[in-house]
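Below is entry-v6.csv, holding CSV, C-alpha atoms.
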chain,number,residue,atom,x,y,z
J,187,MET,CA,-3.0,-16.1,-26.1
J,188,SER,CA,-1.2,-18.4,-28.4
J,189,ARG,CA,-1.4,-17.3,-31.9
J,190,GLN,CA,1.7,-18.9,-33.2
J,191,SER,CA,-0.2,-21.3,-35.3
J,192,ASN,CA,-2.3,-19.0,-37.5
J,193,ARG,CA,-1.0,-15.5,-37.9
J,194,THR,CA,-3.5,-14.5,-40.5
J,195,SER,CA,-4.9,-11.0,-41.1
J,196,ASP,CA,-8.3,-11.9,-39.7
J,197,SER,CA,-9.3,-9.3,-37.2
J,198,LYS,CA,-10.7,-10.7,-34.0
J,199,LYS,CA,-13.3,-8.6,-32.3
J,200,MET,CA,-12.6,-7.3,-28.9
J,201,ASN,CA,-14.8,-5.3,-26.5
J,202,SER,CA,-13.6,-1.7,-26.7
J,203,GLU,CA,-14.8,-0.9,-23.1
J,204,LEU,CA,-12.7,-3.7,-21.7
J,205,PHE,CA,-9.7,-2.4,-23.6
J,206,THR,CA,-10.3,1.2,-22.6
J,207,LEU,CA,-10.8,0.3,-18.9
J,208,THR,CA,-7.7,-1.9,-18.8
J,209,TYR,CA,-5.6,1.0,-20.1
J,210,GLY,CA,-7.3,3.4,-17.7
J,211,ALA,CA,-6.5,1.1,-14.8
J,212,LEU,CA,-2.9,1.0,-15.9
J,213,VAL,CA,-2.5,4.7,-16.1
J,214,THR,CA,-4.3,5.4,-12.8
J,215,GLN,CA,-2.2,2.8,-11.0
J,216,LEU,CA,0.9,4.5,-12.4
J,217,CYS,CA,-0.4,7.8,-11.2
J,218,LYS,CA,-0.7,6.4,-7.7
J,219,ASP,CA,2.7,4.8,-7.8
J,220,TYR,CA,4.7,7.8,-9.0
J,221,GLU,CA,4.9,11.2,-7.6
J,222,ASN,CA,4.6,13.4,-10.6
J,223,ASP,CA,3.1,13.3,-14.1
J,224,GLU,CA,6.4,13.5,-16.0
J,225,GLU,CA,7.5,10.3,-14.3
J,226,VAL,CA,4.2,8.6,-15.3
J,227,ASN,CA,4.6,9.8,-18.9
J,228,LYS,CA,8.1,8.3,-18.9
J,229,GLN,CA,6.9,5.0,-17.6
J,230,LEU,CA,4.1,4.8,-20.1
J,231,ASP,CA,6.5,5.6,-22.9
J,232,LYS,CA,8.9,2.9,-21.7
J,233,MET,CA,6.1,0.3,-21.6
J,234,GLY,CA,5.0,1.4,-25.0
J,235,TYR,CA,8.6,1.0,-26.2
J,236,ASN,CA,8.7,-2.6,-24.9
J,237,ILE,CA,5.4,-3.3,-26.6
J,238,GLY,CA,6.6,-1.8,-29.8
J,239,VAL,CA,9.8,-3.8,-30.1
J,240,ARG,CA,7.7,-7.0,-29.9
J,241,LEU,CA,4.6,-5.8,-31.8
J,242,ILE,CA,6.6,-5.0,-34.9
J,243,GLU,CA,7.3,-8.7,-35.4
J,244,ASP,CA,3.6,-9.5,-35.1
J,245,PHE,CA,2.8,-6.6,-37.4
J,246,LEU,CA,5.3,-7.6,-40.1
J,247,ALA,CA,4.2,-11.2,-40.0
J,248,ARG,CA,0.5,-10.5,-40.3
J,249,SER,CA,0.3,-7.5,-42.5
J,250,SER,CA,2.8,-8.7,-45.2
J,251,VAL,CA,3.8,-5.2,-46.1
J,252,GLY,CA,7.1,-4.9,-47.8
J,253,ARG,CA,10.0,-2.6,-47.2
J,254,CYS,CA,9.2,1.0,-47.3
J,255,HIS,CA,11.2,3.2,-49.6
J,256,ASP,CA,10.8,6.5,-48.0
J,257,PHE,CA,9.4,8.0,-44.8
J,258,ARG,CA,6.1,9.0,-46.6
J,259,GLU,CA,5.5,5.4,-47.3
J,260,THR,CA,6.2,4.5,-43.7
J,261,ALA,CA,3.7,7.1,-42.6
J,262,ASP,CA,1.0,5.6,-44.8
J,263,VAL,CA,1.6,2.1,-43.6
J,264,ILE,CA,1.5,3.3,-39.9
J,265,ALA,CA,-1.7,5.2,-40.4
J,266,LYS,CA,-3.6,2.9,-42.8
J,267,VAL,CA,-2.4,-0.6,-41.8
J,268,ALA,CA,-1.0,-0.5,-38.3
J,269,PHE,CA,-3.5,1.8,-36.6
J,270,LYS,CA,-6.3,0.0,-38.4
J,271,MET,CA,-5.1,-3.4,-37.3
J,272,TYR,CA,-4.4,-2.7,-33.6
J,273,LEU,CA,-6.7,0.2,-32.7
J,274,GLY,CA,-9.5,0.0,-35.3
J,275,VAL,CA,-9.0,3.7,-36.3
J,276,THR,CA,-7.4,5.2,-39.3
J,277,PRO,CA,-5.6,8.5,-38.6
J,278,SER,CA,-4.9,10.9,-41.4
J,279,VAL,CA,-1.3,11.9,-42.3
J,280,THR,CA,-0.8,15.6,-42.6
J,281,ASN,CA,1.4,18.6,-41.9
J,282,TRP,CA,4.5,17.4,-43.6
J,283,SER,CA,7.5,19.5,-43.0
J,284,PRO,CA,9.1,20.9,-46.2
J,285,ALA,CA,12.1,18.5,-45.7
J,286,GLY,CA,9.7,15.5,-45.6
J,287,ASP,CA,11.1,14.3,-42.3
J,288,GLU,CA,8.3,15.2,-40.0
J,289,PHE,CA,4.5,14.6,-40.1
J,290,SER,CA,1.4,14.5,-38.0
J,291,LEU,CA,-1.0,11.7,-37.4
J,292,ILE,CA,-4.5,13.2,-36.7
J,293,LEU,CA,-6.8,10.9,-34.8
J,294,GLU,CA,-10.5,11.9,-34.9
J,295,SER,CA,-11.1,9.6,-32.0
J,296,ASN,CA,-8.7,7.9,-29.7
J,297,PRO,CA,-10.0,4.6,-28.4
J,298,LEU,CA,-7.8,4.9,-25.3
J,299,VAL,CA,-9.6,7.9,-23.9
J,300,ASP,CA,-13.2,7.0,-24.4
J,301,PHE,CA,-14.5,7.7,-20.9
J,302,VAL,CA,-11.6,9.7,-19.6
J,303,GLU,CA,-11.8,13.1,-18.1
J,304,LEU,CA,-8.4,14.4,-16.8
J,305,PRO,CA,-8.7,15.7,-13.2
J,306,ASP,CA,-7.3,19.1,-12.6
J,307,ASN,CA,-4.3,17.9,-10.6
J,308,HIS,CA,-2.9,16.0,-13.6
J,309,ASN,CA,-2.2,18.9,-15.9
J,310,ASN,CA,1.1,17.5,-17.2
J,311,LEU,CA,-0.1,13.9,-17.7
J,312,VAL,CA,0.1,12.8,-21.4
J,313,TYR,CA,-2.5,10.1,-21.0
J,314,SER,CA,-1.8,8.2,-24.2
J,315,SER,CA,2.0,8.5,-24.2
J,316,LEU,CA,2.1,4.7,-24.4
J,317,LEU,CA,1.3,5.1,-28.1
J,318,CYS,CA,4.5,7.3,-28.6
J,319,GLY,CA,6.5,4.5,-27.1
J,320,VAL,CA,4.9,1.9,-29.3
J,321,LEU,CA,5.7,3.9,-32.4
J,322,ARG,CA,9.2,4.6,-31.3
J,323,GLY,CA,10.0,1.1,-30.3
J,324,SER,CA,8.6,-0.6,-33.4
J,325,LEU,CA,10.3,1.8,-35.8
J,326,GLU,CA,13.5,1.4,-34.0
J,327,MET,CA,13.3,-2.3,-34.8
J,328,VAL,CA,13.2,-1.5,-38.5
J,329,GLN,CA,16.2,0.7,-38.3
J,330,MET,CA,14.5,4.0,-37.9
J,331,ALA,CA,15.1,6.4,-35.1
J,332,VAL,CA,12.1,8.7,-34.6
J,333,ASP,CA,11.0,11.2,-32.2
J,334,VAL,CA,7.3,10.9,-31.2
J,335,ARG,CA,5.2,13.3,-29.2
J,336,PHE,CA,1.7,14.5,-28.7
J,337,ALA,CA,1.1,17.9,-30.2
J,338,GLN,CA,-2.7,18.0,-29.5
J,339,ASP,CA,-4.8,16.0,-27.2
J,340,THR,CA,-8.6,15.9,-26.9
J,341,LEU,CA,-8.2,15.4,-23.2
J,342,ARG,CA,-6.7,18.9,-23.0
J,343,GLY,CA,-9.6,20.4,-24.9
J,344,ASP,CA,-8.2,20.2,-28.4
J,345,ASN,CA,-10.6,19.1,-31.2
J,346,VAL,CA,-8.4,16.3,-32.4
J,347,THR,CA,-5.5,14.2,-31.2
J,348,GLU,CA,-2.3,14.9,-33.0
J,349,ILE,CA,0.8,12.8,-32.8
J,350,ARG,CA,3.9,14.5,-34.2
J,351,MET,CA,6.6,12.2,-35.6
J,352,LYS,CA,10.0,13.3,-36.6
J,353,PHE,CA,12.5,11.2,-38.4
J,354,ILE,CA,15.9,11.5,-36.8
J,355,LYS,CA,18.2,9.0,-38.5
J,356,ARG,CA,18.6,5.5,-40.0
J,357,ILE,CA,20.2,3.2,-37.5
J,358,GLU,CA,23.1,1.5,-39.3
J,359,GLU,CA,24.2,-1.3,-37.1
J,360,ASN,CA,21.7,-3.6,-35.4
J,361,LEU,CA,21.6,-2.6,-31.8
J,362,PRO,CA,20.7,-5.3,-29.4
J,363,ALA,CA,17.1,-4.9,-28.3
J,364,GLY,CA,17.4,-4.1,-24.7
J,365,ASP,CA,14.5,-3.5,-22.3
J,366,GLU,CA,16.1,-0.1,-21.4
Y,245,MET,CA,-6.5,-7.0,-29.7
Y,246,THR,CA,-7.3,-6.2,-33.2
Y,247,CYS,CA,-10.6,-4.6,-34.0
Y,248,LEU,CA,-12.7,-2.6,-31.6
Y,249,CYS,CA,-16.4,-2.7,-31.9
Y,250,PHE,CA,-18.1,0.3,-30.5
Y,251,LEU,CA,-21.2,-0.9,-28.7
Y,252,CYS,CA,-22.5,2.3,-27.4
Y,253,VAL,CA,-23.5,4.1,-30.6
Y,254,SER,CA,-27.1,3.2,-30.3
Y,255,ARG,CA,-27.6,5.2,-27.2
Y,256,ASP,CA,-30.7,7.3,-26.9
Y,257,TYR,CA,-30.0,11.0,-26.8
Y,258,ASP,CA,-33.5,12.4,-27.4
Y,259,GLU,CA,-34.0,16.1,-27.6
Y,260,LEU,CA,-35.7,17.1,-24.4
Y,261,SER,CA,-37.1,20.5,-25.2
Y,262,SER,CA,-40.3,20.9,-23.3
Y,263,ILE,CA,-39.7,19.4,-19.9
Y,264,MET,CA,-37.2,20.6,-17.5
Y,265,ALA,CA,-36.2,19.6,-14.0
Y,266,VAL,CA,-35.6,21.9,-11.0
Y,267,CYS,CA,-33.4,19.4,-9.1
Y,268,ILE,CA,-31.4,16.3,-10.1
Y,269,ALA,CA,-29.7,14.0,-7.6
Y,270,VAL,CA,-27.7,10.9,-7.7
Y,271,ILE,CA,-27.6,8.9,-4.5
Y,272,ALA,CA,-25.2,6.1,-3.7
Y,273,LYS,CA,-26.2,2.6,-2.7
Y,274,GLU,CA,-25.6,3.5,1.0
Y,275,ASN,CA,-28.0,6.5,0.6
Y,276,TYR,CA,-25.5,9.3,0.7
Y,277,PRO,CA,-25.5,11.9,-2.1
Y,278,LEU,CA,-23.0,11.5,-5.0
Y,279,TYR,CA,-24.4,14.4,-6.8
Y,280,ILE,CA,-27.1,16.9,-6.2
Y,281,ARG,CA,-27.9,20.0,-8.2
Y,282,SER,CA,-30.8,22.3,-8.1
Y,283,VAL,CA,-31.9,25.5,-9.8
Y,284,PRO,CA,-29.7,28.1,-8.3
Y,285,THR,CA,-32.3,30.8,-7.7
Y,286,GLN,CA,-34.3,28.6,-5.4
Y,287,ASN,CA,-33.9,27.3,-1.9
Y,288,GLU,CA,-31.3,24.7,-2.2
Y,289,LEU,CA,-31.8,23.2,1.2
Y,290,LYS,CA,-35.5,22.6,0.5
Y,291,PHE,CA,-34.5,20.4,-2.5
Y,292,HIS,CA,-32.0,18.4,-0.4
Y,293,TYR,CA,-34.8,17.8,2.0
Y,294,THR,CA,-37.2,16.8,-0.7
Y,295,VAL,CA,-34.7,14.4,-2.2
Y,296,HIS,CA,-33.9,13.0,1.2
Y,297,THR,CA,-37.6,12.4,1.9
Y,298,SER,CA,-38.0,10.6,-1.4
Y,299,LEU,CA,-35.5,8.0,-0.4
Y,300,ASP,CA,-37.9,6.4,2.0
Y,301,VAL,CA,-40.4,6.0,-0.8
Y,302,VAL,CA,-37.8,4.5,-3.0
Y,303,GLU,CA,-36.9,1.9,-0.4
Y,304,GLU,CA,-40.6,1.2,0.0
Y,305,LYS,CA,-41.1,0.8,-3.8
Y,306,ILE,CA,-38.1,-1.6,-4.1
Y,307,SER,CA,-39.1,-3.8,-1.2
Y,308,SER,CA,-42.8,-3.9,-2.1
Y,309,VAL,CA,-41.9,-5.8,-5.2
Y,310,GLY,CA,-41.5,-9.4,-4.3
Y,311,LYS,CA,-38.2,-11.2,-4.3
Y,312,ALA,CA,-39.1,-13.3,-7.3
Y,313,LEU,CA,-40.1,-10.4,-9.4
Y,314,ALA,CA,-37.0,-8.4,-8.4
Y,315,ASP,CA,-35.1,-9.8,-11.4
Y,316,GLN,CA,-37.5,-8.3,-13.9
Y,317,ARG,CA,-38.1,-5.1,-11.9
Y,318,GLU,CA,-38.2,-2.0,-14.0
Y,319,LEU,CA,-35.5,0.5,-13.1
Y,320,TYR,CA,-37.9,3.4,-13.5
Y,321,LEU,CA,-40.0,3.8,-10.4
Y,322,GLY,CA,-42.4,6.4,-11.6
Y,323,LEU,CA,-43.8,9.3,-9.6
Y,324,LEU,CA,-42.6,8.9,-6.0
Y,325,TYR,CA,-44.8,11.5,-4.5
Y,326,PRO,CA,-46.3,14.9,-5.5
Y,327,THR,CA,-46.0,17.9,-3.2
Y,328,GLU,CA,-47.8,21.1,-3.6
Y,329,ASP,CA,-45.1,22.6,-5.7
Y,330,TYR,CA,-43.2,19.7,-7.1
Y,331,LYS,CA,-43.3,16.2,-8.5
Y,332,VAL,CA,-40.6,13.8,-7.5
Y,333,TYR,CA,-39.6,10.9,-9.8
Y,334,GLY,CA,-37.3,8.1,-9.0
Y,335,TYR,CA,-35.1,5.5,-10.8
Y,336,VAL,CA,-32.9,2.8,-9.3
Y,337,THR,CA,-30.1,1.0,-11.2
Y,338,ASN,CA,-29.5,-2.7,-10.6
Y,339,SER,CA,-26.5,-1.7,-8.5
Y,340,LYS,CA,-28.9,0.3,-6.2
Y,341,VAL,CA,-27.8,3.7,-7.2
Y,342,LYS,CA,-30.7,6.0,-7.1
Y,343,PHE,CA,-31.6,8.9,-9.4
Y,344,VAL,CA,-34.1,11.5,-8.3
Y,345,ILE,CA,-35.6,14.2,-10.5
Y,346,VAL,CA,-37.7,16.9,-9.1
Y,347,VAL,CA,-40.0,18.7,-11.6
Y,348,ASP,CA,-42.2,21.8,-11.1
Y,349,SER,CA,-45.8,20.9,-10.6
Y,350,SER,CA,-46.9,23.8,-12.8
Y,351,ASN,CA,-45.2,22.0,-15.7
Y,352,THR,CA,-48.3,20.0,-16.8
Y,353,SER,CA,-47.1,19.3,-20.3
Y,354,LEU,CA,-44.7,16.6,-19.3
Y,355,ARG,CA,-45.3,13.0,-20.2
Y,356,ASP,CA,-44.2,9.9,-18.5
Y,357,ASN,CA,-42.0,8.7,-21.3
Y,358,GLU,CA,-40.2,12.1,-21.4
Y,359,ILE,CA,-39.3,11.5,-17.7
Y,360,ARG,CA,-38.2,8.0,-18.7
Y,361,SER,CA,-35.9,9.2,-21.4
Y,362,MET,CA,-34.4,11.8,-19.0
Y,363,PHE,CA,-33.6,9.0,-16.6
Y,364,ARG,CA,-32.1,6.9,-19.4
Y,365,LYS,CA,-29.9,9.8,-20.4
Y,366,LEU,CA,-28.9,10.3,-16.8
Y,367,HIS,CA,-28.1,6.7,-16.5
Y,368,ASN,CA,-25.9,6.6,-19.6
Y,369,SER,CA,-24.0,9.7,-18.5
Y,370,PHE,CA,-23.5,8.2,-15.0
Y,371,THR,CA,-22.2,5.0,-16.7
Y,372,ASP,CA,-19.6,7.1,-18.5
Y,373,VAL,CA,-18.6,8.8,-15.3
Y,374,MET,CA,-18.2,5.4,-13.6
Y,375,CYS,CA,-16.0,4.2,-16.5
Y,376,ASN,CA,-13.6,7.2,-16.1
Y,377,PRO,CA,-10.5,5.6,-14.7
Y,378,PHE,CA,-9.8,8.8,-12.6
Y,379,TYR,CA,-13.2,8.6,-10.9
Y,380,ILE,CA,-13.1,6.7,-7.6
Y,381,PRO,CA,-16.4,4.9,-7.1
Y,382,GLY,CA,-18.2,6.4,-4.1
Y,383,ASP,CA,-16.7,9.8,-4.4
Y,384,PRO,CA,-18.9,12.8,-5.2
Y,385,ILE,CA,-19.2,13.3,-9.0
Y,386,GLN,CA,-17.2,16.2,-10.3
Y,387,SER,CA,-17.2,15.4,-14.0
Y,388,LYS,CA,-17.7,18.4,-16.3
Y,389,ALA,CA,-19.4,16.2,-18.9
Y,390,PHE,CA,-21.9,15.0,-16.4
Y,391,ASP,CA,-22.4,18.6,-15.1
Y,392,SER,CA,-23.2,20.0,-18.5
Y,393,MET,CA,-25.6,17.1,-19.3
Y,394,VAL,CA,-27.5,17.9,-16.1
Y,395,SER,CA,-27.4,21.6,-16.9
Y,396,ALA,CA,-29.1,20.8,-20.2
Y,397,MET,CA,-31.9,19.1,-18.3
Y,398,MET,CA,-32.5,21.8,-15.8
Y,399,VAL,CA,-34.8,24.7,-16.2
Y,400,GLN,CA,-33.1,27.9,-17.1
Y,401,ALA,CA,-33.0,30.2,-14.1
Y,402,CYS,CA,-35.8,32.7,-14.6
Have the structure of the file written as structure tokens, please.
Amino acid sequence: MSRQSNRTSDSKKMNSELFTLTYGALVTQLCKDYENDEEVNKQLDKMGYNIGVRLIEDFLARSSVGRCHDFRETADVIAKVAFKMYLGVTPSVTNWSPAGDEFSLILESNPLVDFVELPDNHNNLVYSSLLCGVLRGSLEMVQMAVDVRFAQDTLRGDNVTEIRMKFIKRIEENLPAGDE
Amino acid sequence: MTCLCFLCVSRDYDELSSIMAVCIAVIAKENYPLYIRSVPTQNELKFHYTVHTSLDVVEEKISSVGKALADQRELYLGLLYPTEDYKVYGYVTNSKVKFVIVVDSSNTSLRDNEIRSMFRKLHNSFTDVMCNPFYIPGDPIQSKAFDSMVSAMMVQAC
């Protein structure tokens, strides 16, 4: 896909089944290739990180959002602009810690898991951990080190999907973007 | 990858209150069972036998329709055969997966379009199972969602 020419904010429609099935095929292949679920989670996170460090450029170019002044603003941009743009859903931002360095993104529906039912032998698999990596990678590119994890997951019987994000520190010097 | 359009919102999930099945089976293209469930209080083997017998009728129905018409063939095959106690209905997807529903003959209130909507519901649910990345096509269906959907269509054990 060459989109160099017109990076506008027009949203192209994409078939959600194709997207969901593609991600499903990726995860199941990883499950075949690696022995345990922790290793799969790690790989998904790593892939997400590599997506994130690239995606942030696309995001900044297309969304034309300015610099965020605090973490709350960042949270709003992630929920209302980024998730809307790339996944077509708008999570709500809640559960702020008193210090204002930690919050939750609540997704009513997660397009990645549309048809998925976790089999019993994959208890520790965090199916959507790619998202954690994407968030971590993209924020790292804008000098923010964050910790991202799943607190609730509809695949494990919870009512909603909750992504917990914790601000760790501002990255002062520009680290070279490695592929880990 | 920007906006996702959800195509499957308009699926038909009718309320099926009056009619209930006593046995529901999903049979693979190669005629082995992917899923078969019957009312627990009754003789399970008998239902397996009934469903197995019905496959011949299904084959017959499919092949009786001419090759030219096969394109427009309806998925719903209608009543396959009535026995003394039961009525057996069939449905074949375009990928030759067969659904069989066995209904008690005493249940006279059922209408054809109710059976149709049961099959449609079954088909939608089966599609979801197939789309589950952890389901290996050809394996027996063990999905909990599919199970509970079938339970809802079965007669309550009395």
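Ranking J:Val320, J:Val332, J:Val346, J:Leu341 by their shortest atom-to-atom distance to Ser295 (chain J), with all atoms listed in the file included, puts J:Val346 first.
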*Interatomic distance between CA of Phe245 (chain J) and CA of Ile264 (chain J)?*
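Spanning CA of Phe245 (chain J) to CA of Ile264 (chain J) is a straight-line distance of 10.3 Å.
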Name the residues in contact with region 235-241 of chain J at a cut-off of 6 Å, using only C-alpha atoms, excluding same-chain residues fewer than 6 positions from it; report them as a short mmCIF file (atom, residue, chain, number, x, y, z; two decimals) with C-alpha atoms, keeping the file's coordinate frame.
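Produced file around.cif, reproduced below:
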data_model
loop_
_atom_site.label_atom_id
_atom_site.label_comp_id
_atom_site.auth_asym_id
_atom_site.auth_seq_id
_atom_site.Cartn_x
_atom_site.Cartn_y
_atom_site.Cartn_z
CA GLY J 319 6.50 4.50 -27.10
CA VAL J 320 4.90 1.90 -29.30
CA GLY J 323 10.00 1.10 -30.30
CA SER J 324 8.60 -0.60 -33.40
#
Please work out which residues fall within 6 Å of (0.4, 12.9, -36.5), coordinates as given in the file, with only C-alpha atoms counting, and return them as an mmCIF file with C-alpha atoms, keeping the file's coordinate frame.
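Just written: out.cif:
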data_model
loop_
_atom_site.group_PDB
_atom_site.id
_atom_site.type_symbol
_atom_site.label_atom_id
_atom_site.label_comp_id
_atom_site.auth_asym_id
_atom_site.auth_seq_id
_atom_site.Cartn_x
_atom_site.Cartn_y
_atom_site.Cartn_z
ATOM 1 C CA PHE J 289 4.500 14.600 -40.100
ATOM 2 C CA SER J 290 1.400 14.500 -38.000
ATOM 3 C CA LEU J 291 -1.000 11.700 -37.400
ATOM 4 C CA ILE J 292 -4.500 13.200 -36.700
ATOM 5 C CA GLU J 348 -2.300 14.900 -33.000
ATOM 6 C CA ILE J 349 0.800 12.800 -32.800
ATOM 7 C CA ARG J 350 3.900 14.500 -34.200
#
*With distances taken over only C-alpha atoms, which of J:Asp333, J:Asp300, J:Glu294, J:Glu225 is nearest to chain Y?*
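Ranked by minimum distance to chain Y, first place goes to J:Asp300.
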If you take only C-alpha atoms and a cut-off of 10 Å, which residues of chain J touch chain Y, and what are their nearest atom pairs and distances in Å to one decimal, in chain and number order, as JSON lines?
{"residue": "J:Ser195", "atom": "CA", "partner": "Y:Thr246", "partner_atom": "CA", "distance": 9.6}
{"residue": "J:Asp196", "atom": "CA", "partner": "Y:Thr246", "partner_atom": "CA", "distance": 8.7}
{"residue": "J:Ser197", "atom": "CA", "partner": "Y:Thr246", "partner_atom": "CA", "distance": 5.4}
{"residue": "J:Lys198", "atom": "CA", "partner": "Y:Thr246", "partner_atom": "CA", "distance": 5.7}
{"residue": "J:Lys199", "atom": "CA", "partner": "Y:Cys247", "partner_atom": "CA", "distance": 5.1}
{"residue": "J:Met200", "atom": "CA", "partner": "Y:Leu248", "partner_atom": "CA", "distance": 5.4}
{"residue": "J:Asn201", "atom": "CA", "partner": "Y:Leu248", "partner_atom": "CA", "distance": 6.1}
{"residue": "J:Ser202", "atom": "CA", "partner": "Y:Leu248", "partner_atom": "CA", "distance": 5.1}
{"residue": "J:Glu203", "atom": "CA", "partner": "Y:Phe250", "partner_atom": "CA", "distance": 8.2}
{"residue": "J:Leu204", "atom": "CA", "partner": "Y:Leu248", "partner_atom": "CA", "distance": 10.0}
{"residue": "J:Phe205", "atom": "CA", "partner": "Y:Met245", "partner_atom": "CA", "distance": 8.3}
{"residue": "J:Thr206", "atom": "CA", "partner": "Y:Cys375", "partner_atom": "CA", "distance": 8.9}
{"residue": "J:Leu207", "atom": "CA", "partner": "Y:Pro377", "partner_atom": "CA", "distance": 6.8}
{"residue": "J:Thr208", "atom": "CA", "partner": "Y:Pro377", "partner_atom": "CA", "distance": 9.0}
{"residue": "J:Tyr209", "atom": "CA", "partner": "Y:Pro377", "partner_atom": "CA", "distance": 8.6}
{"residue": "J:Gly210", "atom": "CA", "partner": "Y:Pro377", "partner_atom": "CA", "distance": 4.9}
{"residue": "J:Ala211", "atom": "CA", "partner": "Y:Pro377", "partner_atom": "CA", "distance": 6.0}
{"residue": "J:Leu212", "atom": "CA", "partner": "Y:Pro377", "partner_atom": "CA", "distance": 9.0}
{"residue": "J:Val213", "atom": "CA", "partner": "Y:Pro377", "partner_atom": "CA", "distance": 8.2}
{"residue": "J:Thr214", "atom": "CA", "partner": "Y:Phe378", "partner_atom": "CA", "distance": 6.5}
{"residue": "J:Gln215", "atom": "CA", "partner": "Y:Pro377", "partner_atom": "CA", "distance": 9.5}
{"residue": "J:Cys217", "atom": "CA", "partner": "Y:Phe378", "partner_atom": "CA", "distance": 9.6}
{"residue": "J:Ala268", "atom": "CA", "partner": "Y:Thr246", "partner_atom": "CA", "distance": 9.9}
{"residue": "J:Phe269", "atom": "CA", "partner": "Y:Thr246", "partner_atom": "CA", "distance": 9.5}
{"residue": "J:Lys270", "atom": "CA", "partner": "Y:Cys247", "partner_atom": "CA", "distance": 7.7}
{"residue": "J:Met271", "atom": "CA", "partner": "Y:Thr246", "partner_atom": "CA", "distance": 5.4}
{"residue": "J:Tyr272", "atom": "CA", "partner": "Y:Thr246", "partner_atom": "CA", "distance": 4.6}
{"residue": "J:Leu273", "atom": "CA", "partner": "Y:Cys247", "partner_atom": "CA", "distance": 6.3}
{"residue": "J:Gly274", "atom": "CA", "partner": "Y:Cys247", "partner_atom": "CA", "distance": 4.9}
{"residue": "J:Val275", "atom": "CA", "partner": "Y:Leu248", "partner_atom": "CA", "distance": 8.7}
{"residue": "J:Pro297", "atom": "CA", "partner": "Y:Leu248", "partner_atom": "CA", "distance": 8.3}
{"residue": "J:Val299", "atom": "CA", "partner": "Y:Asn376", "partner_atom": "CA", "distance": 8.8}
{"residue": "J:Asp300", "atom": "CA", "partner": "Y:Asn376", "partner_atom": "CA", "distance": 8.3}
{"residue": "J:Phe301", "atom": "CA", "partner": "Y:Asn376", "partner_atom": "CA", "distance": 4.9}
{"residue": "J:Val302", "atom": "CA", "partner": "Y:Asn376", "partner_atom": "CA", "distance": 4.7}
{"residue": "J:Glu303", "atom": "CA", "partner": "Y:Asn376", "partner_atom": "CA", "distance": 6.5}
{"residue": "J:Leu304", "atom": "CA", "partner": "Y:Phe378", "partner_atom": "CA", "distance": 7.1}
{"residue": "J:Pro305", "atom": "CA", "partner": "Y:Phe378", "partner_atom": "CA", "distance": 7.0}
*What is the distance between CA of Leu311 (chain J) and CA of Thr276 (chain J), in Å to one decimal?*
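Atom-to-atom, CA of Leu311 (chain J) to CA of Thr276 (chain J), that is 24.4 Å.
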*Give me, please, the distance in Å between CA of Met330 (chain J) and CA of Ile357 (chain J), quoted to one decimal.*
5.8 Å
_Counting only C-alpha atoms, which residue out of J:Ile354, J:Leu246, J:Val312, J:Val251 sits closest to Asp223 (chain J)?_
J:Val312
*Which of these, Y:Leu321, Y:Val346, Y:Leu289, Y:Val341, has the shortest distance to Tyr276 (chain Y) once you count only C-alpha atoms?*
Y:Val341
_Spatial neighbours of Asp356 (chain Y), 12 Å, only C-alpha atoms, chain gap at least 4 places, as a count of residues only_ = 14
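Distances from J:Cys254, J:Ala265, J:Val279, J:Leu325 to Lys355 (chain J) were compared using all atoms listed in the file, and the smallest one belongs to J:Leu325.
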Spatial neighbours of Ser314 (chain J), 8 Å, all atoms listed in the file, chain gap at least 3 places, as a short mmCIF file (atom, residue, chain, number, x, y, z; two decimals) with C-alpha atoms, in the frame of the given file:
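result-v1.cif written:
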data_model
loop_
_atom_site.label_atom_id
_atom_site.label_comp_id
_atom_site.auth_asym_id
_atom_site.auth_seq_id
_atom_site.Cartn_x
_atom_site.Cartn_y
_atom_site.Cartn_z
CA LEU J 230 4.10 4.80 -20.10
CA LEU J 298 -7.80 4.90 -25.30
CA VAL J 299 -9.60 7.90 -23.90
CA LEU J 317 1.30 5.10 -28.10
CA CYS J 318 4.50 7.30 -28.60
#
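Taking all atoms listed in the file into account, Lys228 (chain J) lies nearest to J:Leu216 out of the set J:Leu293, J:Phe257, J:Thr347, J:Leu216.
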*Neighbours of Ile271 (chain Y) within 12 Å (only C-alpha atoms; same-chain residues fewer than 3 positions away dropped), as a ChimeraX atom specification?*
/Y:268,274-281,292,295-296,298-299,302,334-337,339-345,370,382-385
Restricted to C-alpha atoms, what does region 273-286 of chain Y look like when written out as a short mmCIF file (atom, residue, chain, number, x, y, z; two decimals), in the first residue's frame?
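Writing the result to result_1.cif gives the following:
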data_model
loop_
_atom_site.label_atom_id
_atom_site.label_comp_id
_atom_site.auth_asym_id
_atom_site.auth_seq_id
_atom_site.Cartn_x
_atom_site.Cartn_y
_atom_site.Cartn_z
CA LYS Y 273 -18.73 -32.62 3.93
CA GLU Y 274 -17.30 -36.14 4.16
CA ASN Y 275 -20.34 -37.30 6.13
CA TYR Y 276 -18.81 -37.68 9.55
CA PRO Y 277 -20.37 -35.89 12.52
CA LEU Y 278 -18.87 -32.59 13.65
CA TYR Y 279 -21.42 -32.10 16.34
CA ILE Y 280 -24.39 -34.06 17.56
CA ARG Y 281 -26.48 -33.38 20.55
CA SER Y 282 -29.79 -34.81 21.68
CA VAL Y 283 -32.12 -34.47 24.60
CA PRO Y 284 -30.28 -36.24 27.41
CA THR Y 285 -33.22 -38.19 28.77
CA GLN Y 286 -33.77 -40.11 25.59
#
